[in-house]
>>> print(open('data_34.txt').read())   # compact mmCIF, C-alpha atoms
# COMPACT_ATOMS: atom_id res chain seq x y z
CA MET E 21 9.54 2.56 55.85
CA ILE E 22 12.55 2.00 53.60
CA SER E 23 15.40 4.49 53.96
CA LEU E 24 16.50 6.71 51.09
CA LYS E 25 19.87 4.95 51.00
CA GLU E 26 18.30 1.50 50.79
CA CYS E 27 15.87 2.74 48.13
CA LEU E 28 18.78 3.98 46.02
CA HIS E 29 20.69 0.74 46.50
CA GLN E 30 17.74 -1.49 45.57
CA LEU E 31 16.88 0.46 42.44
CA ILE E 32 20.46 0.35 41.15
CA ALA E 33 20.74 -3.34 42.03
CA THR E 34 17.65 -4.21 39.95
CA PRO E 35 18.58 -4.53 36.23
CA SER E 36 16.24 -2.78 33.79
CA VAL E 37 18.24 -2.30 30.59
CA SER E 38 16.27 -1.30 27.50
CA SER E 39 17.80 -1.52 24.05
CA VAL E 40 16.79 -1.65 20.40
CA ASN E 41 19.02 -4.75 20.29
CA PRO E 42 17.01 -7.75 21.58
CA GLU E 43 20.23 -9.30 22.86
CA TYR E 44 20.47 -6.64 25.56
CA ASP E 45 16.84 -5.66 26.08
CA MET E 46 15.08 -6.69 29.30
CA GLY E 47 11.93 -5.81 31.22
CA ASN E 48 11.43 -3.22 33.95
CA GLN E 49 8.66 -4.97 35.88
CA ALA E 50 10.88 -5.68 38.89
CA VAL E 51 11.66 -1.97 39.28
CA ILE E 52 7.98 -1.07 38.88
CA ASP E 53 7.06 -3.57 41.60
CA LEU E 54 9.57 -2.03 44.01
CA LEU E 55 8.25 1.46 43.37
CA ALA E 56 4.65 0.30 43.72
CA ASP E 57 5.31 -1.28 47.13
CA TRP E 58 7.08 1.81 48.45
CA LEU E 59 4.45 4.22 47.15
CA GLU E 60 1.52 2.19 48.46
CA GLU E 61 3.19 2.18 51.88
CA ALA E 62 3.53 5.97 51.55
CA GLY E 63 -0.22 6.39 51.02
CA PHE E 64 -0.36 6.63 47.24
CA ALA E 65 -3.02 5.00 45.10
CA VAL E 66 -1.01 3.01 42.57
CA GLN E 67 -1.90 1.92 39.06
CA ILE E 68 0.41 -0.32 37.00
CA GLN E 69 -0.09 0.12 33.27
CA PRO E 70 1.24 -2.67 31.02
CA VAL E 71 2.99 -1.47 27.87
CA PRO E 72 1.18 -3.00 24.87
CA GLY E 73 3.29 -5.46 22.91
CA CYS E 74 6.11 -5.36 25.45
CA PRO E 75 6.02 -8.32 27.86
CA ASP E 76 7.44 -7.64 31.33
CA LYS E 77 7.35 -3.88 30.74
CA ALA E 78 5.05 -1.43 32.47
CA ASN E 79 4.47 2.13 33.60
CA LEU E 80 3.46 3.19 37.08
CA ILE E 81 1.03 6.00 37.91
CA ALA E 82 0.73 6.83 41.61
CA VAL E 83 -1.33 9.63 43.14
CA LYS E 84 -1.79 11.07 46.60
CA GLY E 85 -4.54 13.62 47.21
CA ARG E 86 -7.60 14.60 45.21
CA GLY E 87 -8.87 17.46 43.13
CA GLU E 88 -7.92 19.29 39.98
CA GLY E 89 -4.50 20.38 38.80
CA GLY E 90 -1.54 19.30 40.87
CA LEU E 91 1.98 18.26 40.04
CA VAL E 92 3.61 15.26 38.36
CA LEU E 93 7.11 14.07 39.26
CA SER E 94 8.17 11.77 36.44
CA GLY E 95 11.10 9.57 35.54
CA HIS E 96 12.00 6.53 33.47
CA THR E 97 12.97 3.25 35.08
CA ASP E 98 15.22 1.84 32.34
CA THR E 99 18.94 2.25 31.75
CA VAL E 100 21.14 1.91 28.70
CA PRO E 101 23.23 -1.26 28.16
CA TYR E 102 26.61 -1.42 29.87
CA ASP E 103 30.07 -2.91 29.41
CA ASP E 104 31.06 -4.09 32.86
CA VAL E 105 34.76 -4.50 31.98
CA LEU E 106 34.98 -0.72 31.59
CA TRP E 107 33.51 -0.04 35.03
CA SER E 108 35.79 0.37 38.03
CA THR E 109 32.85 -0.59 40.29
CA ASP E 110 29.99 -3.09 39.97
CA PRO E 111 27.36 -1.34 37.82
CA PHE E 112 24.59 -3.06 39.82
CA ARG E 113 25.91 -2.13 43.23
CA ALA E 114 25.51 1.40 44.55
CA THR E 115 29.02 2.41 45.59
CA GLU E 116 29.70 5.57 47.59
CA LYS E 117 33.16 7.09 47.26
CA ASP E 118 34.65 10.53 46.74
CA HIS E 119 31.27 12.12 47.60
CA ARG E 120 29.65 10.34 44.66
CA LEU E 121 27.19 7.47 44.26
CA TYR E 122 28.31 5.17 41.44
CA GLY E 123 26.06 2.69 39.67
CA LEU E 124 24.13 2.09 36.45
CA GLY E 125 21.20 4.51 36.44
CA SER E 126 22.54 6.50 39.39
CA THR E 127 22.18 9.76 37.49
CA ASP E 128 20.06 8.67 34.51
CA MET E 129 17.75 8.42 36.32
CA LYS E 130 16.82 6.05 39.11
CA SER E 131 18.08 8.38 41.84
CA PHE E 132 15.45 10.97 40.98
CA LEU E 133 12.70 8.41 41.56
CA ALA E 134 14.16 7.55 44.97
CA LEU E 135 14.46 11.23 45.95
CA ALA E 136 10.92 11.98 44.77
CA ILE E 137 9.55 9.14 46.91
CA ALA E 138 11.60 10.25 49.93
CA VAL E 139 10.09 13.74 49.69
CA ALA E 140 6.53 12.75 48.76
CA ARG E 141 6.03 10.18 51.50
CA ASP E 142 6.63 12.81 54.20
CA ILE E 143 3.72 14.97 53.03
CA PRO E 144 0.39 13.97 54.62
CA ALA E 145 -2.46 13.55 52.17
CA ASP E 146 -4.66 15.93 54.18
CA GLN E 147 -2.19 18.74 53.50
CA LEU E 148 -2.59 18.39 49.74
CA GLN E 149 -5.02 20.83 48.18
CA ALA E 150 -4.21 19.42 44.72
CA PRO E 151 -2.99 15.92 43.83
CA LEU E 152 0.63 14.85 43.73
CA TYR E 153 1.51 12.25 41.08
CA LEU E 154 4.57 10.09 40.67
CA ILE E 155 4.99 8.51 37.24
CA ALA E 156 7.60 5.93 36.25
CA THR E 157 7.91 4.76 32.65
CA ALA E 158 9.50 2.03 30.56
CA ASP E 159 11.81 2.15 27.55
CA GLU E 160 12.79 5.82 27.44
CA GLU E 161 16.29 4.79 26.39
CA SER E 162 15.10 2.84 23.35
CA SER E 163 11.62 3.06 21.83
CA MET E 164 9.76 5.48 24.13
CA SER E 165 7.04 2.80 24.20
CA GLY E 166 6.26 3.55 27.84
CA ALA E 167 5.71 7.26 27.28
CA LYS E 168 3.69 6.55 24.15
CA ALA E 169 1.43 4.17 26.07
CA LEU E 170 1.06 6.72 28.85
CA ALA E 171 0.06 9.49 26.44
CA ALA E 172 -2.39 7.22 24.63
CA ALA E 173 -4.21 5.75 27.61
CA ALA E 174 -3.59 7.67 30.83
CA ASP E 175 -6.18 9.94 32.42
CA ILE E 176 -4.14 12.42 34.46
CA GLY E 177 -5.55 15.80 35.39
CA ALA E 178 -2.31 17.43 36.49
CA ARG E 179 -1.39 20.76 34.95
CA HIS E 180 2.32 20.81 35.78
CA ALA E 181 5.13 18.25 35.53
CA VAL E 182 8.79 17.85 36.41
CA ILE E 183 10.84 15.25 34.57
CA GLY E 184 13.91 14.46 36.66
CA GLU E 185 16.49 13.90 33.94
CA PRO E 186 20.02 14.97 34.95
CA THR E 187 20.30 18.73 34.46
CA GLY E 188 22.57 19.64 37.38
CA LEU E 189 19.43 21.00 39.12
CA ARG E 190 19.08 23.70 36.46
CA PRO E 191 15.65 23.90 34.83
CA VAL E 192 15.32 23.03 31.14
CA ARG E 193 12.29 24.30 29.25
CA MET E 194 13.34 23.40 25.72
CA HIS E 195 15.08 20.58 23.90
CA LYS E 196 15.61 19.39 20.36
CA GLY E 197 13.79 16.44 18.87
CA VAL E 198 15.33 13.42 17.21
CA MET E 199 14.48 11.06 14.37
CA MET E 200 16.56 8.33 12.74
CA GLU E 201 16.07 7.11 9.18
CA GLY E 202 17.46 4.25 7.16
CA ILE E 203 17.85 4.95 3.43
CA ARG E 204 18.44 2.15 0.95
CA VAL E 205 19.37 2.66 -2.71
CA HIS E 206 18.50 -0.30 -4.94
CA GLY E 207 20.58 -0.64 -8.09
CA ARG E 208 21.56 -3.61 -10.26
CA SER E 209 24.78 -5.54 -9.83
CA GLY E 210 26.99 -6.55 -12.76
CA HIS E 211 30.58 -7.06 -13.86
CA SER E 212 32.73 -4.02 -13.14
CA SER E 213 34.36 -4.22 -16.60
CA ASN E 214 31.24 -2.79 -18.22
CA PRO E 215 29.18 -0.12 -16.38
CA GLU E 216 26.29 -0.73 -18.80
CA LEU E 217 25.71 -4.13 -17.22
CA GLY E 218 24.34 -2.63 -13.99
CA ARG E 219 23.31 0.47 -12.08
CA SER E 220 25.57 1.45 -9.21
CA ALA E 221 23.74 1.93 -5.91
CA LEU E 222 26.95 3.43 -4.52
CA GLU E 223 26.94 6.19 -7.12
CA GLY E 224 23.27 6.72 -6.36
CA MET E 225 24.08 7.04 -2.68
CA HIS E 226 26.63 9.71 -3.57
CA GLN E 227 23.74 11.73 -4.99
CA VAL E 228 21.63 10.98 -1.92
CA ILE E 229 24.34 12.29 0.40
CA SER E 230 24.79 15.40 -1.73
CA GLU E 231 21.05 16.06 -1.55
CA LEU E 232 21.00 15.51 2.21
CA ILE E 233 23.84 17.99 2.67
CA ALA E 234 21.87 20.50 0.61
CA LEU E 235 18.75 19.79 2.68
CA ARG E 236 20.72 20.28 5.89
CA THR E 237 21.99 23.64 4.64
CA ASP E 238 18.46 24.71 3.71
CA LEU E 239 17.08 23.70 7.11
CA GLN E 240 19.88 25.45 8.99
CA GLN E 241 19.28 28.64 7.05
CA GLN E 242 15.53 28.46 7.69
CA TYR E 243 15.53 27.43 11.36
CA GLN E 244 17.72 28.94 14.07
CA ASN E 245 17.34 29.33 17.82
CA PRO E 246 20.12 31.12 19.74
CA LEU E 247 18.99 29.58 23.05
CA PHE E 248 20.69 26.33 22.01
CA SER E 249 24.46 25.90 22.13
CA VAL E 250 24.14 24.42 18.63
CA PRO E 251 21.51 26.88 17.39
CA VAL E 252 20.49 25.02 14.22
CA PRO E 253 19.00 21.61 13.40
CA THR E 254 21.62 18.93 12.79
CA LEU E 255 21.77 16.01 10.37
CA ASN E 256 24.39 13.35 11.05
CA PHE E 257 25.59 10.61 8.68
CA GLY E 258 26.03 7.76 11.11
CA HIS E 259 26.50 4.55 9.11
CA ILE E 260 26.95 3.51 5.48
CA HIS E 261 27.42 0.16 3.77
CA GLY E 262 27.24 -0.91 0.16
CA GLY E 263 28.44 -3.58 -2.20
CA ASP E 264 30.45 -6.73 -1.60
CA ASN E 265 33.45 -6.82 -3.94
CA PRO E 266 35.59 -4.37 -5.94
CA ASN E 267 34.89 -6.13 -9.25
CA ARG E 268 31.09 -6.02 -8.92
CA ILE E 269 28.85 -3.07 -9.58
CA CYS E 270 27.20 -2.25 -6.27
CA GLY E 271 23.61 -3.47 -6.28
CA GLN E 272 22.52 -2.07 -2.91
CA CYS E 273 23.72 0.63 -0.53
CA ASP E 274 22.43 1.59 2.93
CA LEU E 275 22.78 4.80 4.91
CA SER E 276 21.60 5.60 8.43
CA ILE E 277 21.09 9.21 9.51
CA ASP E 278 20.12 11.09 12.66
CA LEU E 279 18.21 14.38 12.37
CA ARG E 280 17.64 16.66 15.37
CA PRO E 281 15.03 19.37 14.78
CA LEU E 282 14.41 22.54 16.75
CA PRO E 283 11.09 23.37 18.41
CA GLY E 284 8.63 24.33 15.70
CA MET E 285 9.87 21.66 13.27
CA GLU E 286 7.48 18.71 12.99
CA ILE E 287 9.04 15.27 12.60
CA GLN E 288 6.48 13.85 10.19
CA ALA E 289 6.76 16.90 7.95
CA LEU E 290 10.56 16.59 8.01
CA ARG E 291 10.38 12.90 7.11
CA ALA E 292 8.02 13.66 4.21
CA LEU E 293 10.30 16.45 2.97
CA LEU E 294 13.36 14.20 3.18
CA HIS E 295 11.62 11.46 1.17
CA GLN E 296 10.38 13.91 -1.45
CA ARG E 297 13.79 15.53 -1.96
CA LEU E 298 15.60 12.21 -2.35
CA GLN E 299 12.98 10.66 -4.62
CA HIS E 300 13.20 13.71 -6.87
CA ARG E 301 17.02 13.57 -6.92
CA LEU E 302 17.06 9.96 -8.17
CA ALA E 303 13.95 10.20 -10.36
CA ASP E 304 15.74 9.75 -13.70
CA THR E 305 18.51 7.38 -12.66
CA GLY E 306 16.73 4.03 -12.81
CA LEU E 307 17.60 3.52 -9.14
CA GLN E 308 14.99 2.87 -6.48
CA LEU E 309 14.76 4.12 -2.90
CA THR E 310 13.24 2.59 0.21
CA PHE E 311 13.07 4.19 3.66
CA THR E 312 12.95 2.68 7.13
CA ALA E 313 12.13 4.67 10.25
CA LEU E 314 14.94 3.38 12.49
CA PHE E 315 13.46 5.55 15.24
CA GLU E 316 10.07 7.13 14.61
CA GLY E 317 11.18 10.11 16.59
CA VAL E 318 10.65 12.30 19.62
CA SER E 319 9.35 15.77 18.92
CA ALA E 320 11.22 18.85 19.98
CA PHE E 321 9.92 20.30 23.22
CA ALA E 322 9.32 23.81 24.48
CA THR E 323 7.44 25.29 27.42
CA ASP E 324 6.79 29.03 27.48
CA ALA E 325 9.25 30.97 29.60
CA ASP E 326 6.37 32.54 31.56
CA ALA E 327 4.68 29.20 32.37
CA ALA E 328 4.09 28.76 36.09
CA ILE E 329 6.19 25.59 36.36
CA VAL E 330 9.13 27.23 34.56
CA GLN E 331 8.96 30.34 36.71
CA ALA E 332 8.75 28.31 39.91
CA ALA E 333 11.62 26.02 38.93
CA ALA E 334 13.79 29.02 38.08
CA ARG E 335 12.92 30.76 41.35
CA PHE E 336 13.60 27.75 43.59
CA SER E 337 16.75 26.64 41.77
CA GLY E 338 18.21 30.11 41.33
CA SER E 339 19.02 29.25 37.68
CA GLU E 340 17.73 30.59 34.40
CA PRO E 341 15.85 28.04 32.25
CA GLN E 342 18.00 26.39 29.61
CA ALA E 343 17.74 24.67 26.22
CA VAL E 344 19.51 21.34 25.65
CA ALA E 345 20.21 18.99 22.77
CA PHE E 346 19.21 15.69 24.39
CA GLY E 347 15.63 14.42 24.22
CA THR E 348 13.20 13.45 26.99
CA GLU E 349 9.63 12.25 27.49
CA ALA E 350 8.43 15.85 27.85
CA PRO E 351 6.47 15.93 24.54
CA TYR E 352 4.35 12.99 25.70
CA LEU E 353 3.42 14.67 28.98
CA GLN E 354 2.56 17.78 26.97
CA GLN E 355 0.12 15.64 24.99
CA LEU E 356 -1.66 15.02 28.30
CA GLY E 357 -2.13 18.76 28.77
CA MET E 358 0.74 19.51 31.13
CA GLU E 359 3.25 22.33 31.24
CA VAL E 360 6.60 20.60 31.66
CA VAL E 361 10.05 21.45 32.95
CA VAL E 362 13.03 19.07 32.98
CA LEU E 363 14.95 19.31 36.25
CA GLY E 364 16.98 16.74 38.13
CA PRO E 365 20.25 15.92 39.88
CA GLY E 366 23.40 14.73 38.16
CA SER E 367 24.98 15.57 34.83
CA ILE E 368 24.12 14.37 31.36
CA ASP E 369 27.88 14.35 30.73
CA VAL E 370 28.29 11.16 32.78
CA ALA E 371 25.09 9.46 31.62
CA HIS E 372 25.45 6.47 29.26
CA GLN E 373 29.08 6.04 30.29
CA PRO E 374 31.06 3.63 32.47
CA ASP E 375 31.32 4.77 36.10
CA GLU E 376 28.12 6.79 35.89
CA TYR E 377 27.63 8.63 39.18
CA LEU E 378 25.41 11.00 41.11
CA PRO E 379 27.15 13.81 43.06
CA LEU E 380 25.98 13.31 46.64
CA ASP E 381 26.09 17.05 47.30
CA GLN E 382 23.07 17.40 44.97
CA VAL E 383 20.84 15.08 47.01
CA GLN E 384 19.65 17.53 49.65
CA PRO E 385 19.31 20.49 47.22
CA CYS E 386 17.20 18.29 44.93
CA MET E 387 14.94 17.25 47.79
CA HIS E 388 14.58 20.90 48.83
CA LEU E 389 13.59 21.85 45.28
CA LEU E 390 10.99 19.09 45.13
CA ARG E 391 9.50 20.10 48.49
CA GLU E 392 9.16 23.70 47.30
CA LEU E 393 7.53 22.66 44.04
CA ILE E 394 5.09 20.36 45.83
CA ARG E 395 4.22 23.16 48.24
CA GLU E 396 3.72 25.56 45.32
CA PHE E 397 1.47 23.35 43.20
CA CYS E 398 -0.11 20.89 45.65
CA VAL E 399 -0.08 22.20 49.22
CA SER E 400 -0.82 25.90 48.60
CA PRO E 401 -1.94 26.23 44.96
CA GLN E 402 -4.40 28.97 45.90
CA ALA E 403 -1.56 31.15 47.16
CA ARG E 404 0.23 30.76 43.85
CA SER E 405 -2.82 31.73 41.78
CA ALA E 406 -3.97 34.56 44.08
>>> encode(input="data_34.txt", output="structure tokens")
Amino acid sequence: MISLKECLHQLIATPSVSSVNPEYDMGNQAVIDLLADWLEEAGFAVQIQPVPGCPDKANLIAVKGRGEGGLVLSGHTDTVPYDDVLWSTDPFRATEKDHRLYGLGSTDMKSFLALAIAVARDIPADQLQAPLYLIATADEESSMSGAKALAAAADIGARHAVIGEPTGLRPVRMHKGVMMEGIRVHGRSGHSSNPELGRSALEGMHQVISELIALRTDLQQQYQNPLFSVPVPTLNFGHIHGGDNPNRICGQCDLSIDLRPLPGMEIQALRALLHQRLQHRLADTGLQLTFTALFEGVSAFATDADAAIVQAAARFSGSEPQAVAFGTEAPYLQQLGMEVVVLGPGSIDVAHQPDEYLPLDQVQPCMHLLRELIREFCVSPQARSA
């Protein structure tokens, strides 16, 4: 049986970058194969689910025990791209120093998968009164294609789930959603000496930005949630480009935005509202608009404060449930009928950065938390519901 240390080292040493940029994107099949071997050895029944349209990418669904209900421990296998010249250690070598484990994916979030396996393999199947699942997904850091495939095709009867994103071992029951939209204004180029010779897409984009600022104000007045550190939805202007020369009327201008809604705000409704407001703003200008969903979006997520998984996570961690701004795969597990909490070792503050690390003093507390949750929902579920 592979040791926890070797499991951590092998996962970090196996590249699995996902990116919207094809230059950096790679598969995760090698990581899935490692996990499958370890889990089969630990007595799990393992299913590997290919991700449609994504060669060399797959999800893993492993289960030990039988029956209804149970618990899912879930994590993604991919990492973000990296710039190795900014790392002080090899990103693909797990390096222990200063009571930390450095390496790409050490906190976001390969370590959680290793810790979950280390805990789960020590629990005999005959002690499980409800099934224990381990799920590993592809492409969380880019398209969410793995979680989408899981939600569309998986048949999982579990009622409760823990997603091991880095939360400092504090339970999270709520997070914002995210969508990204590309907006293009089509005008007509012409000589700058005579404005009548064209229609300026740049001036049209000025109106678009003004309307988006007004929309942001309206949304922030309508939707507020004090549980979040930023208690309102946000709309960020991330990138703009238009025109090609000072003496030409701008014929085309592009803007990319990021919108992060609160729970209760539906992404498709927001996208429709955004399109309607901008189309109306430019209706009489002779300019045309096209929209591109740069990222279709992840819905905001919320689990009721009195849900069993939230209450148990709070009790075992000793921390009150939180709300965070970053997104996870939680909405997709909710689509499968699960109550979800996000809870894992490490800090989001060091994720996606050079010299990403996992504090080693969170390893044993994380394993203790997972043992208690497995006992609560899989070993003695009758005691919990009595």
>>> residues_around(input="data_34.txt", residues="range 356-359 of chain E", least_positions_apart="6", cutoff="7 Å", atoms="only C-alpha atoms", output="list of chain:residue names")
E:Ala171, E:Ala178, E:Arg179, E:His180, E:Ala181, E:Thr323, E:Ile329
>>> closest_residue(input="data_34.txt", among="E:Tyr243, E:Phe248, E:Tyr153, E:Tyr377", to="Pro341 in chain E", atoms="all atoms listed in the file")
E:Phe248
>>> residues_around(input="data_34.txt", residues="range 251-256 of chain E", least_positions_apart="4", cutoff="10 Å", atoms="only C-alpha atoms", output="ChimeraX atom specification")
/E:196-200,232-233,235-237,239-247,276-283,285,343,345
>>> closest_residue(input="data_34.txt", among="E:Met194, E:Ala172, E:Leu275, E:Leu222", to="Asp324 in chain E", atoms="all atoms listed in the file")
E:Met194
>>> atom_distance(input="data_34.txt", atom1="CA of Met387 in chain E", atom2="CA of His119 in chain E")
17.1 Å
>>> residues_around(input="data_34.txt", residues="Leu298 in chain E", least_positions_apart="4", cutoff="10 Å", atoms="all atoms listed in the file", output="list of chain:residue names")
E:Ile203, E:Met225, E:Gln227, E:Val228, E:Ile229, E:Ser230, E:Glu231, E:Leu232, E:Leu235, E:Leu293, E:Leu294, E:Leu302, E:Ala303, E:Leu309
>>> atom_distance(input="data_34.txt", atom1="CA of Ala156 in chain E", atom2="CA of Leu80 in chain E")
5.0 Å
>>> residues_around(input="data_34.txt", residues="Gly87 in chain E", least_positions_apart="3", cutoff="8 Å", atoms="all atoms listed in the file", output="ChimeraX atom specification")
/E:90,149-151
>>> write_last_selection(input="data_34.txt", atoms="C-alpha atoms", output="PDB file, in the coordinates of the input")
ATOM      1  CA  GLY E  90      -1.540  19.300  40.870  1.00  0.00           C
ATOM      2  CA  GLN E 149      -5.020  20.830  48.180  1.00  0.00           C
ATOM      3  CA  ALA E 150      -4.210  19.420  44.720  1.00  0.00           C
ATOM      4  CA  PRO E 151      -2.990  15.920  43.830  1.00  0.00           C
TER       5      PRO E 151
END
>>> closest_residue(input="data_34.txt", among="E:His226, E:Lys117, E:Arg291, E:Arg335", to="Pro191 in chain E", atoms="all atoms listed in the file")
E:Arg335
>>> atom_distance(input="data_34.txt", atom1="CA of Thr34 in chain E", atom2="CA of Thr348 in chain E")
22.4 Å
>>> closest_residue(input="data_34.txt", among="E:Ala169, E:Met21, E:Ala327, E:Ile176", to="Glu88 in chain E", atoms="only C-alpha atoms")
E:Ile176
>>> closest_residue(input="data_34.txt", among="E:Pro70, E:Gly184, E:Pro385, E:Gly125", to="Val92 in chain E", atoms="all atoms listed in the file")
E:Gly184
>>> closest_residue(input="data_34.txt", among="E:Ala320, E:Ala136, E:Ser209, E:Pro365", to="Asn267 in chain E", atoms="all atoms listed in the file")
E:Ser209
>>> residues_around(input="data_34.txt", residues="Ser163 in chain E", least_positions_apart="2", cutoff="10 Å", atoms="all atoms listed in the file", output="list in words")
Ser38, Ser39, Val40, Ala158, Asp159, Glu160, Glu161, Ser165, Gly166, Ala167, Lys168, Leu314, Phe315, Glu316, Gly317 and Val318 of chain E
>>> axis_aligned_box(input="data_34.txt", around="range 131-135 of chain E", padding_each_side="3 Å", output="AutoDock Vina command-line options")
--center_x 15.4 --center_y 9.4 --center_z 43.5 --size_x 11.4 --size_y 9.7 --size_z 11.0
